[in-house]
Amino acid sequence: MSAPTVSTQNGDWAEVVDKLVAEKIASRIAAKDATIWGPEAESEASIRLGWVDLHDTSRPLLAEVEALLADLRSEGLDRIVLSGMGGSSLAPEVITRTAGVELVVLDSTDPSVVKRALDGDLSKTVIVVSSKSGGTVETDSHRRTFAKAFTDAGIDAASRIIVVTDPGSPFEKLSADEGYRKTFLADPNVGGRYSALTAFGLVPSGLAGADIAELLDQAAEAAPELQADSTDNPALWLGAVLAASAGRDKAIITADGSDIVGFPDWAEQLIAESTGKNGTGVLPVAVEVGAPELRSEAADLTNALLAEKATSGVPTALTSGSLGGQMLLWETATAVAGYLLGINPFDQPDVESAKKAARGLLDAQPKPEAAAFTEGAVEVRGSEGLLDGVDSLQGAVDALLGKLDAKGYVAVMAYLDSERDADLIAVRPALAGKTGRPVTFGWGPRFLHSTGQYHKGGHPEGVYLQITGAHPQDVEIPDRPFTFGTLISAQAAGDAGVLADRGRPVLRLHLTDVANGVQQLLSLFN
């Protein structure tokens with residue numbers, strides 16, 4: 001094991017850290033002091049600080065997970081599918097990928113993603129459905145669909161469904177009523193994005209074969225240093241770099257040389273949902289090694305890297321250490337950043353807006369808005385006024401990028417299949433190189449639980465490129481009046497509508513033939 005460390009370059013945060021030490025912020029967080037973030041945040045903070053000692057309180061889960069794992073293996077059940085959104089999927093994804101064990105993460109409503117999960121060997125499959133309430137539309141739809149698939153295959157569905165939820169939730173009751181195989185109850189005083197070391201992170205990871213006891217040991221080793229009112233506390237330095245670098249409100253995050261796999265995506269959700277609100281915040285930009293942003297000297301960027309050295313002259317925090325220690329480090333630093341920004345790091349007031357818009361569209365089932373024009377396999381639509389006088393795909397992209405100001409960013413929001421359409425990720429560095437500005441890339445609807453909060457609640461500086469696709473092979477959702485294709489289309493349209501209503505420029509590109517459309521876009525951007 002190795003405790004987390006943070007070193008800083010190209011900036012001076014000593015005065016800020018001294019202030020944090022004098023105000024005992026670290027020890028007060030450890031003591032679950034809900035008053036740190038101000039009176040308006042106190043009620044929420046009072047029920048959201050359970051994460052600070054999960055390395056102790058989650059220990060009883062270990063025996064439960066180990067016993068269930070042994071039972072499953074004895075029955076030949078070794079294919080674990082996880083249905084979860086946001087923190088319920090991102091943490092287990094990082095944990096299992098880092099451990100080198102297989103977990104099928106289902107955090108999409110794209111029909112081809114759902115179909116691929118269903119097409120696996122059901123005779124060896126169990127599904128872990130993770131939801132604090134059970135009412136999340138994505139996970140409820142996955143649960144219904146897998147239950148029917150098991151039944152149709154002659155398998156007792158209840159014996160293959162494992163639930164992770166909060167105590168007293170409607171999902172706990174449903175699980176009992178349906179006789180599902182096992183219900184794990186998570187700490188209700190932990191929000192989703194801080195839940196890596198609760199049942200939400202540990203159960204699916206442990207059932208997939210990751211060493212979750214070691215993960216808790218790593219966090220336990222890190223805790224004393226992260227909870228100390230000391231100028232040697234790495235969480236205070238990381239929080240200061242993220243939130244107290246004057247005028248620098250975009251943090252470029254990458255893992256260069258680290259053996260932790262996929263960590264930037266987990267950190268992106270943690271930071272975006274925690275800080276992107278009230279017209280302020282830190283925009284996390286998860287990038288690949290060697291990304292254009294890492295060479296930028298832009299005045300509004302910082303770097304927060306899992307690396308040994310900085311790659312540009314902007315203010316930088318370099319972090320290292322074990323996965324469990326890093327998770328507790330970044331959670332603590334994000335809470336510190338919320339204090340420095342004067343916001344509540346535990347709510348997500350704008351996440352619900354896109355959900356409500358999607359539900360309204362599902363209920364109304366309106367006809368799709370007519371395209372402004374079509375070029376090849378791409379139908380083009382835009383927010384009000386964006387496409388005035390535009391009649392080409394290149395012109396539409398140029399019109400969107402023309403709205404980008406000196407401190408702006410580009411958000412690429414791809415409501416597609418992250419495996420099938422993985423080539424599309426190349427659009428991200430291409431746009432960053434073309435514009436000289438940071439570019440986020442999110443797969444929908446997954447990103448709605450991360451940068452989606454910042455898009456609506458953070459600094460209003462973004463321009464938004466939404467990419468959707470046709471669904472020639474749709475998947476039905478049992479006992480629901482809509483399909484997965486209808487659902488993801490409503491989620492995309494709802495998100496675009498909320499952004500447009502808030503005055504954000506949105507370019508919507510719909511691929512009528514996804515394979516050809518992706519190649520068309522790649523040739524356009526490259």
# chains A, B, ... in the order shown; residues from 1 in each chain; ligands from 1
call {"tool": "residues_around", "arguments": {"residues": "Asp501 (chain A)", "least_positions_apart": "3", "cutoff": "12 Å", "atoms": "only C-alpha atoms", "output": "ChimeraX atom specification"}}
result
/A:353-354,357,383-384,456,494-498,504-506
call {"tool": "residues_around", "arguments": {"residues": "region 24-37 of chain A", "least_positions_apart": "2", "cutoff": "8 Å", "atoms": "only C-alpha atoms", "output": "list of chain:residue names"}}
result
A:Leu20, A:Val21, A:Ala22, A:Pro39, A:Glu40, A:Ala41, A:Glu42, A:Ser43, A:Ala45, A:Ser46, A:Leu49, A:Gly50, A:Val52, A:Asp53, A:Leu226, A:Gln227, A:Ala228, A:Asp229, A:Leu236, A:Thr332, A:Val336, A:Gly338, A:Tyr339, A:Gly342, A:Ile343, A:Asn344
call {"tool": "closest_residue", "arguments": {"among": "A:Asp347, A:Glu178, A:Glu44, A:Asp405", "to": "Ala272 (chain A)", "atoms": "only C-alpha atoms"}}
result
A:Asp347
call {"tool": "select_by_dssp", "arguments": {"residues": "region 353-525 of chain A", "states": "strand (DSSP E)", "output": "count of residues only"}}
result
34
call {"tool": "select_by_dssp", "arguments": {"residues": "region 353-515 of chain A", "states": "alpha helix (DSSP H)", "output": "short mmCIF file (atom, residue, chain, number, x, y, z; two decimals) with C-alpha atoms, in the first residue's frame"}}
result
data_model
loop_
_atom_site.label_atom_id
_atom_site.label_comp_id
_atom_site.auth_asym_id
_atom_site.auth_seq_id
_atom_site.Cartn_x
_atom_site.Cartn_y
_atom_site.Cartn_z
CA SER A 353 -33.94 19.36 -14.59
CA ALA A 354 -32.92 17.07 -17.45
CA LYS A 355 -34.69 14.12 -15.80
CA LYS A 356 -37.95 16.09 -15.58
CA ALA A 357 -37.66 17.20 -19.19
CA ALA A 358 -37.09 13.60 -20.32
CA ARG A 359 -40.07 12.36 -18.31
CA GLY A 360 -42.25 15.04 -19.89
CA LEU A 361 -41.18 13.96 -23.36
CA LEU A 362 -41.79 10.29 -22.56
CA ASP A 363 -45.30 11.13 -21.39
CA ALA A 364 -46.10 13.34 -24.36
CA LEU A 393 -22.52 20.45 -41.61
CA GLN A 394 -19.19 22.26 -41.57
CA GLY A 395 -21.03 25.56 -41.36
CA ALA A 396 -23.09 24.27 -38.43
CA VAL A 397 -19.97 23.24 -36.50
CA ASP A 398 -18.33 26.57 -37.31
CA ALA A 399 -21.44 28.40 -36.07
CA LEU A 400 -21.29 26.52 -32.76
CA LEU A 401 -17.57 27.10 -32.29
CA VAL A 427 -13.40 14.08 -31.84
CA ARG A 428 -12.39 15.31 -28.37
CA PRO A 429 -8.67 15.97 -28.95
CA ALA A 430 -9.40 17.11 -32.49
CA LEU A 431 -11.72 19.85 -31.22
CA ALA A 432 -9.31 20.77 -28.43
CA GLY A 433 -6.52 21.18 -30.94
CA LYS A 434 -8.73 23.16 -33.33
CA THR A 435 -10.12 25.56 -30.74
CA THR A 451 -20.67 17.11 -16.06
CA GLY A 452 -24.39 17.44 -16.80
CA GLN A 453 -24.73 19.24 -13.47
CA TYR A 454 -21.92 21.67 -14.32
CA HIS A 455 -23.35 22.36 -17.81
CA LYS A 456 -26.47 23.81 -16.24
CA GLY A 457 -25.29 25.06 -12.86
CA PHE A 484 -34.94 1.94 -24.70
CA GLY A 485 -34.68 3.76 -28.02
CA THR A 486 -37.53 6.06 -27.05
CA LEU A 487 -36.02 6.56 -23.60
CA ILE A 488 -32.55 7.58 -24.74
CA SER A 489 -34.04 9.87 -27.39
CA ALA A 490 -36.17 11.58 -24.73
CA GLN A 491 -33.15 11.92 -22.44
CA ALA A 492 -31.12 13.55 -25.21
CA ALA A 493 -33.93 15.86 -26.27
CA GLY A 494 -34.70 16.78 -22.67
CA ASP A 495 -31.09 17.64 -21.93
CA ALA A 496 -30.75 19.74 -25.08
CA GLY A 497 -33.99 21.54 -24.27
CA VAL A 498 -32.90 22.46 -20.75
CA LEU A 499 -29.56 23.77 -22.04
CA ALA A 500 -31.26 25.81 -24.76
CA ASP A 501 -33.80 27.21 -22.29
CA VAL A 514 -24.59 5.42 -37.04
CA ALA A 515 -21.56 3.66 -38.55
#
call {"tool": "residues_around", "arguments": {"residues": "region 288-300 of chain A", "least_positions_apart": "6", "cutoff": "12 Å", "atoms": "only C-alpha atoms", "output": "PyMOL selection string"}}
result
chain A and resi 10+242-258+261-265+282+306-307+309-316+406-409+425-441+461
call {"tool": "residues_around", "arguments": {"residues": "Gly76 (chain A)", "least_positions_apart": "3", "cutoff": "9 Å", "atoms": "only C-alpha atoms", "output": "list in words"}}
result
Asp71, Leu72, Arg73, Arg79, Ser123, Lys124 and Thr125 of chain A
call {"tool": "atom_distance", "arguments": {"atom1": "CA of Thr334 (chain A)", "atom2": "CA of Ser418 (chain A)"}}
result
27.7 Å
